[in-house]
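Source file: upload-v2.tsv. Holds: TSV, N, CA and C atoms.
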chain	number	residue	atom	x	y	z
O	509	MET	N	0.81	-1.20	0.00
O	509	MET	CA	0.00	0.00	0.00
O	509	MET	C	0.85	1.26	0.00
O	510	ALA	N	2.02	1.23	0.69
O	510	ALA	CA	2.87	2.40	0.73
O	510	ALA	C	3.29	2.80	-0.67
O	511	SER	N	3.55	1.80	-1.53
O	511	SER	CA	3.94	2.13	-2.89
O	511	SER	C	2.80	2.81	-3.64
O	512	ALA	N	1.56	2.46	-3.32
O	512	ALA	CA	0.41	3.13	-3.94
O	512	ALA	C	0.40	4.61	-3.57
O	513	LEU	N	0.69	4.92	-2.32
O	513	LEU	CA	0.77	6.33	-1.92
O	513	LEU	C	1.91	7.03	-2.65
O	514	ALA	N	3.04	6.35	-2.78
O	514	ALA	CA	4.21	6.96	-3.41
O	514	ALA	C	3.97	7.25	-4.89
O	515	GLU	N	2.99	6.59	-5.50
O	515	GLU	CA	2.68	6.83	-6.90
O	515	GLU	C	1.78	8.05	-7.10
O	516	LYS	N	1.18	8.54	-6.04
O	516	LYS	CA	0.29	9.70	-6.13
O	516	LYS	C	1.10	10.99	-6.12
O	517	ASN	N	0.46	12.06	-6.56
O	517	ASN	CA	1.04	13.39	-6.46
O	517	ASN	C	0.25	14.17	-5.43
O	518	CYS	N	0.93	15.05	-4.74
O	518	CYS	CA	0.27	15.89	-3.74
O	518	CYS	C	-0.63	16.90	-4.45
O	519	THR	N	-1.72	17.23	-3.78
O	519	THR	CA	-2.63	18.25	-4.29
O	519	THR	C	-2.41	19.51	-3.47
O	520	PRO	N	-2.62	20.68	-4.06
O	520	PRO	CA	-2.43	21.91	-3.29
O	520	PRO	C	-3.32	21.93	-2.05
O	521	CYS	N	-2.74	22.28	-0.93
O	521	CYS	CA	-3.48	22.32	0.32
O	521	CYS	C	-4.02	23.74	0.53
O	522	ARG	N	-5.32	23.82	0.70
O	522	ARG	CA	-5.96	25.11	0.91
O	522	ARG	C	-6.56	25.16	2.31
O	523	GLY	N	-6.66	26.33	2.85
O	523	GLY	CA	-7.34	26.49	4.12
O	523	GLY	C	-8.80	26.08	3.98
O	524	GLY	N	-9.42	25.70	5.07
O	524	GLY	CA	-10.80	25.30	5.04
O	524	GLY	C	-11.01	23.81	4.80
O	525	VAL	N	-9.94	23.10	4.45
O	525	VAL	CA	-10.01	21.65	4.28
O	525	VAL	C	-9.83	21.03	5.66
O	526	PRO	N	-10.72	20.13	6.06
O	526	PRO	CA	-10.56	19.56	7.40
O	526	PRO	C	-9.33	18.66	7.47
O	527	PRO	N	-8.59	18.72	8.57
O	527	PRO	CA	-7.44	17.84	8.73
O	527	PRO	C	-7.93	16.40	8.98
O	528	LEU	N	-7.02	15.47	8.80
O	528	LEU	CA	-7.35	14.08	9.12
O	528	LEU	C	-7.66	13.94	10.60
O	529	THR	N	-8.62	13.12	10.91
O	529	THR	CA	-8.88	12.79	12.31
O	529	THR	C	-7.73	11.89	12.79
O	530	PRO	N	-7.53	11.76	14.09
O	530	PRO	CA	-6.49	10.83	14.56
O	530	PRO	C	-6.68	9.41	14.02
O	531	GLU	N	-7.92	8.97	13.89
O	531	GLU	CA	-8.19	7.63	13.36
O	531	GLU	C	-7.79	7.54	11.88
O	532	GLU	N	-8.10	8.56	11.09
O	532	GLU	CA	-7.71	8.58	9.69
O	532	GLU	C	-6.19	8.62	9.56
O	533	ALA	N	-5.56	9.43	10.41
O	533	ALA	CA	-4.09	9.52	10.39
O	533	ALA	C	-3.47	8.16	10.71
O	534	GLU	N	-4.05	7.42	11.64
O	534	GLU	CA	-3.56	6.07	11.97
O	534	GLU	C	-3.65	5.15	10.76
O	535	GLY	N	-4.71	5.28	9.99
O	535	GLY	CA	-4.86	4.47	8.78
O	535	GLY	C	-3.75	4.74	7.78
O	536	TYR	N	-3.43	6.00	7.57
O	536	TYR	CA	-2.33	6.35	6.67
O	536	TYR	C	-1.00	5.95	7.29
O	537	HIS	N	-0.88	6.09	8.59
O	537	HIS	CA	0.36	5.74	9.29
O	537	HIS	C	0.73	4.29	9.03
O	538	ALA	N	-0.26	3.42	8.92
O	538	ALA	CA	-0.01	2.01	8.63
O	538	ALA	C	0.70	1.84	7.28
O	539	GLN	N	0.52	2.82	6.39
O	539	GLN	CA	1.16	2.77	5.08
O	539	GLN	C	2.55	3.43	5.07
O	540	ALA	N	2.89	4.09	6.15
O	540	ALA	CA	4.20	4.73	6.31
O	540	ALA	C	4.69	4.43	7.73
O	541	PRO	N	4.91	3.14	8.03
O	541	PRO	CA	5.15	2.72	9.42
O	541	PRO	C	6.45	3.22	10.05
O	542	ASP	N	7.42	3.64	9.24
O	542	ASP	CA	8.67	4.13	9.82
O	542	ASP	C	8.57	5.57	10.32
O	543	TRP	N	7.45	6.19	10.08
O	543	TRP	CA	7.21	7.56	10.51
O	543	TRP	C	6.46	7.52	11.84
O	544	SER	N	6.67	8.55	12.65
O	544	SER	CA	5.98	8.65	13.94
O	544	SER	C	4.89	9.71	13.85
O	545	LEU	N	3.72	9.37	14.36
O	545	LEU	CA	2.66	10.37	14.51
O	545	LEU	C	3.00	11.18	15.76
O	546	MET	N	3.01	12.48	15.62
O	546	MET	CA	3.40	13.35	16.72
O	546	MET	C	2.32	14.40	16.99
O	547	ASP	N	2.40	15.01	18.16
O	547	ASP	CA	1.55	16.15	18.51
O	547	ASP	C	0.06	15.89	18.24
O	548	ASP	N	-0.45	14.84	18.85
O	548	ASP	CA	-1.87	14.47	18.70
O	548	ASP	C	-2.27	14.27	17.24
O	549	ALA	N	-1.38	13.60	16.50
O	549	ALA	CA	-1.62	13.26	15.08
O	549	ALA	C	-1.78	14.50	14.20
O	550	THR	N	-1.01	15.57	14.50
O	550	THR	CA	-1.02	16.76	13.66
O	550	THR	C	0.30	16.93	12.92
O	551	ARG	N	1.23	15.99	13.13
O	551	ARG	CA	2.56	16.07	12.51
O	551	ARG	C	3.11	14.65	12.40
O	552	ILE	N	3.89	14.39	11.34
O	552	ILE	CA	4.63	13.13	11.26
O	552	ILE	C	6.11	13.44	11.13
O	553	GLU	N	6.92	12.52	11.63
O	553	GLU	CA	8.36	12.75	11.65
O	553	GLU	C	9.09	11.42	11.51
O	554	ARG	N	10.24	11.48	10.86
O	554	ARG	CA	11.10	10.30	10.75
O	554	ARG	C	12.56	10.71	10.82
O	555	ARG	N	13.33	9.89	11.50
O	555	ARG	CA	14.79	10.04	11.55
O	555	ARG	C	15.38	9.01	10.61
O	556	PHE	N	16.13	9.47	9.64
O	556	PHE	CA	16.81	8.61	8.68
O	556	PHE	C	18.27	8.48	9.10
O	557	ARG	N	18.85	7.30	8.92
O	557	ARG	CA	20.25	7.04	9.25
O	557	ARG	C	21.04	6.84	7.96
O	558	PHE	N	22.25	7.38	7.94
O	558	PHE	CA	23.12	7.28	6.78
O	558	PHE	C	24.54	6.95	7.23
O	559	LYS	N	25.35	6.55	6.26
O	559	LYS	CA	26.72	6.13	6.54
O	559	LYS	C	27.59	7.29	7.04
O	560	ASP	N	27.37	8.48	6.49
O	560	ASP	CA	28.23	9.60	6.84
O	560	ASP	C	27.52	10.93	6.51
O	561	PHE	N	28.24	12.01	6.67
O	561	PHE	CA	27.68	13.34	6.41
O	561	PHE	C	27.29	13.50	4.94
O	562	GLY	N	28.15	13.03	4.03
O	562	GLY	CA	27.89	13.18	2.60
O	562	GLY	C	26.60	12.50	2.17
O	563	GLU	N	26.36	11.29	2.68
O	563	GLU	CA	25.12	10.58	2.36
O	563	GLU	C	23.90	11.32	2.90
O	564	ALA	N	24.02	11.84	4.12
O	564	ALA	CA	22.92	12.59	4.72
O	564	ALA	C	22.64	13.85	3.90
O	565	PHE	N	23.71	14.53	3.51
O	565	PHE	CA	23.56	15.76	2.73
O	565	PHE	C	22.92	15.46	1.37
O	566	ALA	N	23.34	14.37	0.72
O	566	ALA	CA	22.77	14.00	-0.58
O	566	ALA	C	21.28	13.71	-0.44
O	567	PHE	N	20.90	13.02	0.64
O	567	PHE	CA	19.48	12.76	0.88
O	567	PHE	C	18.71	14.06	1.05
O	568	VAL	N	19.25	14.97	1.84
O	568	VAL	CA	18.57	16.25	2.08
O	568	VAL	C	18.40	17.03	0.78
O	569	ALA	N	19.42	17.01	-0.08
O	569	ALA	CA	19.32	17.71	-1.36
O	569	ALA	C	18.21	17.10	-2.22
O	570	ARG	N	18.13	15.78	-2.27
O	570	ARG	CA	17.07	15.13	-3.05
O	570	ARG	C	15.71	15.36	-2.41
O	571	ALA	N	15.66	15.37	-1.08
O	571	ALA	CA	14.40	15.64	-0.39
O	571	ALA	C	13.92	17.06	-0.69
O	572	ALA	N	14.84	18.01	-0.75
O	572	ALA	CA	14.49	19.39	-1.06
O	572	ALA	C	13.94	19.50	-2.48
O	573	GLU	N	14.55	18.80	-3.43
O	573	GLU	CA	14.05	18.81	-4.81
O	573	GLU	C	12.63	18.24	-4.88
O	574	LEU	N	12.42	17.13	-4.18
O	574	LEU	CA	11.09	16.52	-4.14
O	574	LEU	C	10.08	17.47	-3.50
O	575	ALA	N	10.47	18.09	-2.40
O	575	ALA	CA	9.57	19.01	-1.70
O	575	ALA	C	9.14	20.16	-2.61
O	576	GLU	N	10.07	20.71	-3.34
O	576	GLU	CA	9.72	21.80	-4.27
O	576	GLU	C	8.78	21.29	-5.35
O	577	ALA	N	9.06	20.11	-5.89
O	577	ALA	CA	8.22	19.55	-6.96
O	577	ALA	C	6.81	19.26	-6.46
O	578	GLU	N	6.69	18.86	-5.20
O	578	GLU	CA	5.38	18.50	-4.63
O	578	GLU	C	4.72	19.66	-3.89
O	579	GLY	N	5.39	20.80	-3.79
O	579	GLY	CA	4.81	21.96	-3.12
O	579	GLY	C	4.80	21.88	-1.61
O	580	HIS	N	5.80	21.22	-1.04
O	580	HIS	CA	5.91	21.08	0.42
O	580	HIS	C	7.10	21.87	0.94
O	581	HIS	N	7.08	22.14	2.20
O	581	HIS	CA	8.19	22.81	2.86
O	581	HIS	C	8.42	22.15	4.22
O	582	PRO	N	8.97	20.91	4.20
O	582	PRO	CA	9.17	20.20	5.47
O	582	PRO	C	10.27	20.84	6.30
O	583	ASP	N	10.23	20.57	7.57
O	583	ASP	CA	11.35	20.93	8.45
O	583	ASP	C	12.35	19.79	8.35
O	584	ILE	N	13.59	20.11	8.00
O	584	ILE	CA	14.63	19.10	7.87
O	584	ILE	C	15.85	19.55	8.66
O	585	THR	N	16.34	18.66	9.51
O	585	THR	CA	17.62	18.89	10.18
O	585	THR	C	18.51	17.70	9.84
O	586	PHE	N	19.80	17.94	9.76
O	586	PHE	CA	20.69	16.83	9.45
O	586	PHE	C	22.08	17.12	9.99
O	587	GLY	N	22.86	16.06	10.06
O	587	GLY	CA	24.24	16.14	10.51
O	587	GLY	C	24.94	14.87	10.08
O	588	TRP	N	26.02	14.55	10.75
O	588	TRP	CA	26.81	13.39	10.38
O	588	TRP	C	25.98	12.11	10.58
O	589	GLY	N	25.60	11.47	9.47
O	589	GLY	CA	24.93	10.19	9.50
O	589	GLY	C	23.44	10.20	9.78
O	590	TYR	N	22.80	11.36	9.77
O	590	TYR	CA	21.35	11.37	10.05
O	590	TYR	C	20.67	12.55	9.37
O	591	ALA	N	19.37	12.39	9.19
O	591	ALA	CA	18.50	13.50	8.77
O	591	ALA	C	17.15	13.25	9.43
O	592	VAL	N	16.54	14.32	9.92
O	592	VAL	CA	15.21	14.23	10.52
O	592	VAL	C	14.28	15.11	9.69
O	593	VAL	N	13.17	14.49	9.25
O	593	VAL	CA	12.19	15.21	8.44
O	593	VAL	C	10.88	15.26	9.22
O	594	SER	N	10.31	16.45	9.31
O	594	SER	CA	9.04	16.66	9.99
O	594	SER	C	8.06	17.30	9.01
O	595	LEU	N	6.87	16.72	8.92
O	595	LEU	CA	5.84	17.20	7.99
O	595	LEU	C	4.58	17.59	8.75
O	596	ARG	N	4.08	18.79	8.45
O	596	ARG	CA	2.81	19.27	9.01
O	596	ARG	C	2.39	20.50	8.22
O	597	THR	N	1.18	20.92	8.42
O	597	THR	CA	0.73	22.16	7.78
O	597	THR	C	0.10	23.08	8.80
O	598	LYS	N	0.32	24.34	8.60
O	598	LYS	CA	-0.31	25.34	9.46
O	598	LYS	C	-1.66	25.76	8.88
O	599	LYS	N	-1.82	25.60	7.56
O	599	LYS	CA	-3.07	26.04	6.91
O	599	LYS	C	-4.28	25.32	7.46
O	600	ILE	N	-4.18	24.00	7.65
O	600	ILE	CA	-5.34	23.26	8.14
O	600	ILE	C	-5.14	22.76	9.57
O	601	LYS	N	-4.03	23.13	10.17
O	601	LYS	CA	-3.73	22.78	11.56
O	601	LYS	C	-3.83	21.28	11.82
O	602	GLY	N	-3.23	20.52	10.91
O	602	GLY	CA	-3.24	19.08	11.06
O	602	GLY	C	-2.63	18.40	9.85
O	603	LEU	N	-2.92	17.13	9.71
O	603	LEU	CA	-2.37	16.34	8.61
O	603	LEU	C	-3.38	16.18	7.48
O	604	HIS	N	-2.83	15.91	6.31
O	604	HIS	CA	-3.60	15.65	5.10
O	604	HIS	C	-2.95	14.44	4.43
O	605	GLU	N	-3.65	13.78	3.56
O	605	GLU	CA	-3.06	12.65	2.83
O	605	GLU	C	-1.73	13.04	2.18
O	606	ASN	N	-1.60	14.30	1.74
O	606	ASN	CA	-0.37	14.77	1.10
O	606	ASN	C	0.89	14.43	1.90
O	607	TYR	N	0.81	14.53	3.21
O	607	TYR	CA	2.00	14.32	4.03
O	607	TYR	C	2.43	12.87	4.05
O	608	PHE	N	1.47	11.97	3.92
O	608	PHE	CA	1.81	10.56	3.85
O	608	PHE	C	2.31	10.19	2.46
O	609	ILE	N	1.81	10.87	1.44
O	609	ILE	CA	2.36	10.71	0.09
O	609	ILE	C	3.82	11.13	0.10
O	610	MET	N	4.09	12.30	0.64
O	610	MET	CA	5.46	12.81	0.72
O	610	MET	C	6.33	11.86	1.54
O	611	ALA	N	5.83	11.36	2.64
O	611	ALA	CA	6.59	10.45	3.50
O	611	ALA	C	7.02	9.20	2.73
O	612	THR	N	6.09	8.60	1.98
O	612	THR	CA	6.45	7.38	1.25
O	612	THR	C	7.44	7.68	0.13
O	613	LYS	N	7.36	8.86	-0.47
O	613	LYS	CA	8.33	9.24	-1.50
O	613	LYS	C	9.71	9.47	-0.87
O	614	LEU	N	9.74	10.06	0.30
O	614	LEU	CA	11.01	10.24	1.00
O	614	LEU	C	11.61	8.89	1.40
O	615	ASP	N	10.77	7.95	1.80
O	615	ASP	CA	11.25	6.60	2.11
O	615	ASP	C	11.94	5.99	0.90
O	616	ARG	N	11.35	6.16	-0.27
O	616	ARG	CA	11.95	5.64	-1.50
O	616	ARG	C	13.30	6.28	-1.78
O	617	ILE	N	13.38	7.59	-1.57
O	617	ILE	CA	14.66	8.28	-1.79
O	617	ILE	C	15.73	7.69	-0.86
O	618	ALA	N	15.37	7.50	0.40
O	618	ALA	CA	16.32	6.96	1.37
O	618	ALA	C	16.73	5.54	0.99
O	619	GLU	N	15.78	4.71	0.56
O	619	GLU	CA	16.10	3.35	0.14
O	619	GLU	C	17.01	3.37	-1.08
O	620	GLY	N	16.76	4.26	-2.00
O	620	GLY	CA	17.60	4.39	-3.19
O	620	GLY	C	19.00	4.82	-2.85
O	621	ALA	N	19.14	5.72	-1.89
O	621	ALA	CA	20.46	6.18	-1.46
O	621	ALA	C	21.25	5.03	-0.84
O	622	ALA	N	20.59	4.22	-0.03
O	622	ALA	CA	21.26	3.08	0.60
O	622	ALA	C	21.68	2.06	-0.46
O	623	ALA	N	20.82	1.78	-1.43
O	623	ALA	CA	21.15	0.82	-2.48
O	623	ALA	C	22.30	1.33	-3.34
O	624	ALA	N	22.31	2.62	-3.65
O	624	ALA	CA	23.39	3.20	-4.45
O	624	ALA	C	24.72	3.11	-3.70
O	625	GLU	N	24.69	3.34	-2.40
O	625	GLU	CA	25.91	3.25	-1.61
O	625	GLU	C	26.42	1.82	-1.56
O	626	THR	N	25.54	0.85	-1.42
O	626	THR	CA	25.94	-0.56	-1.41
O	626	THR	C	26.57	-0.94	-2.74
O	627	ALA	N	25.96	-0.52	-3.85
O	627	ALA	CA	26.48	-0.80	-5.17
O	627	ALA	C	27.85	-0.15	-5.36
O	628	ARG	N	28.01	1.07	-4.87
O	628	ARG	CA	29.28	1.77	-4.99
O	628	ARG	C	30.37	1.03	-4.23
O	629	GLN	N	30.04	0.54	-3.05
O	629	GLN	CA	31.03	-0.17	-2.24
O	629	GLN	C	31.45	-1.49	-2.89
O	630	ARG	N	30.55	-2.12	-3.61
O	630	ARG	CA	30.87	-3.40	-4.26
O	630	ARG	C	31.70	-3.23	-5.52
O	631	SER	N	31.71	-2.00	-6.06
O	631	SER	CA	32.46	-1.75	-7.32
O	631	SER	C	33.94	-1.70	-7.09

Before anything else, please render the file you have as structure tokens.
Amino acid sequence: MASALAEKNCTPCRGGVPPLTPEEAEGYHAQAPDWSLMDDATRIERRFRFKDFGEAFAFVARAAELAEAEGHHPDITFGWGYAVVSLRTKKIKGLHENYFIMATKLDRIAEGAAAAETARQRS
């Protein structure tokens, strides 16, 4: 199911759209299980682990490109071997399906980075 979400594109989020209920957020969370529901299901967050600073930086750069393409502005912090991504919206004061779409796409980017690093090491 997570791959089904990753195939979708985010829709523009407008004010006046009701946020997901905690129960609805739990349903989407099942499709992005590596993410944590935070702040009474109004935010999701994940800590990604990487081999070193360069891998973390490369992930953040790709995440930023994806965020721009999908119209998101996540909070991202990173350092040596890690990146933390937090997704939420102030417009609707909660979560929307868009954030779980973005989460599954970020998961794919991270998986791709790990696979590329493994392939590079084997060369």

Problem - Protein/DNA/RNA residues near (-7.5, 19.8, 8.3), cut 6 Å, all atoms listed in the file, as a PyMOL selection string - result: chain O and resi 525-528+600-603

Problem - Answer as JSON, numbers by chain, residues within 10 Å of (6.9, 4.9, 9.3) using only C-alpha atoms - result: {"O": [510, 536, 537, 538, 539, 540, 541, 542, 543, 544, 545, 552, 553, 554, 555, 608, 611, 612, 615]}

Practice task
Identify which of the residues O:Gly587, O:Pro582, O:Ala512, O:Ala564 lies closest to Ile609 of chain O, counting all atoms listed in the file when measuring atom-to-atom distances.
Solution key: O:Ala512

Handout entry: Distance of atom C of Asp548 of chain O from atom C of Arg570 of chain O, expressed in Å to one decimal place
Key =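 Answer for the atom C of Arg570 of chain O to atom C of Asp548 of chain O separation: 26.7 Å.
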
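Selecting alpha helix (DSSP H) from the backbone DSSP output for segment 565-606 of chain O yields Phe565, Ala566, Phe567, Val568, Ala569, Arg570, Ala571, Ala572, Glu573, Leu574, Ala575, Glu576, Ala577, Glu578, Glu605 and Asn606 of chain O.
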
Problem - Nearby residues (all atoms listed in the file) at most 8 Å from Asp560 of chain O, same-chain spacing under 4 positions excluded, as a ChimeraX atom specification - result: /O:564-566,587-590
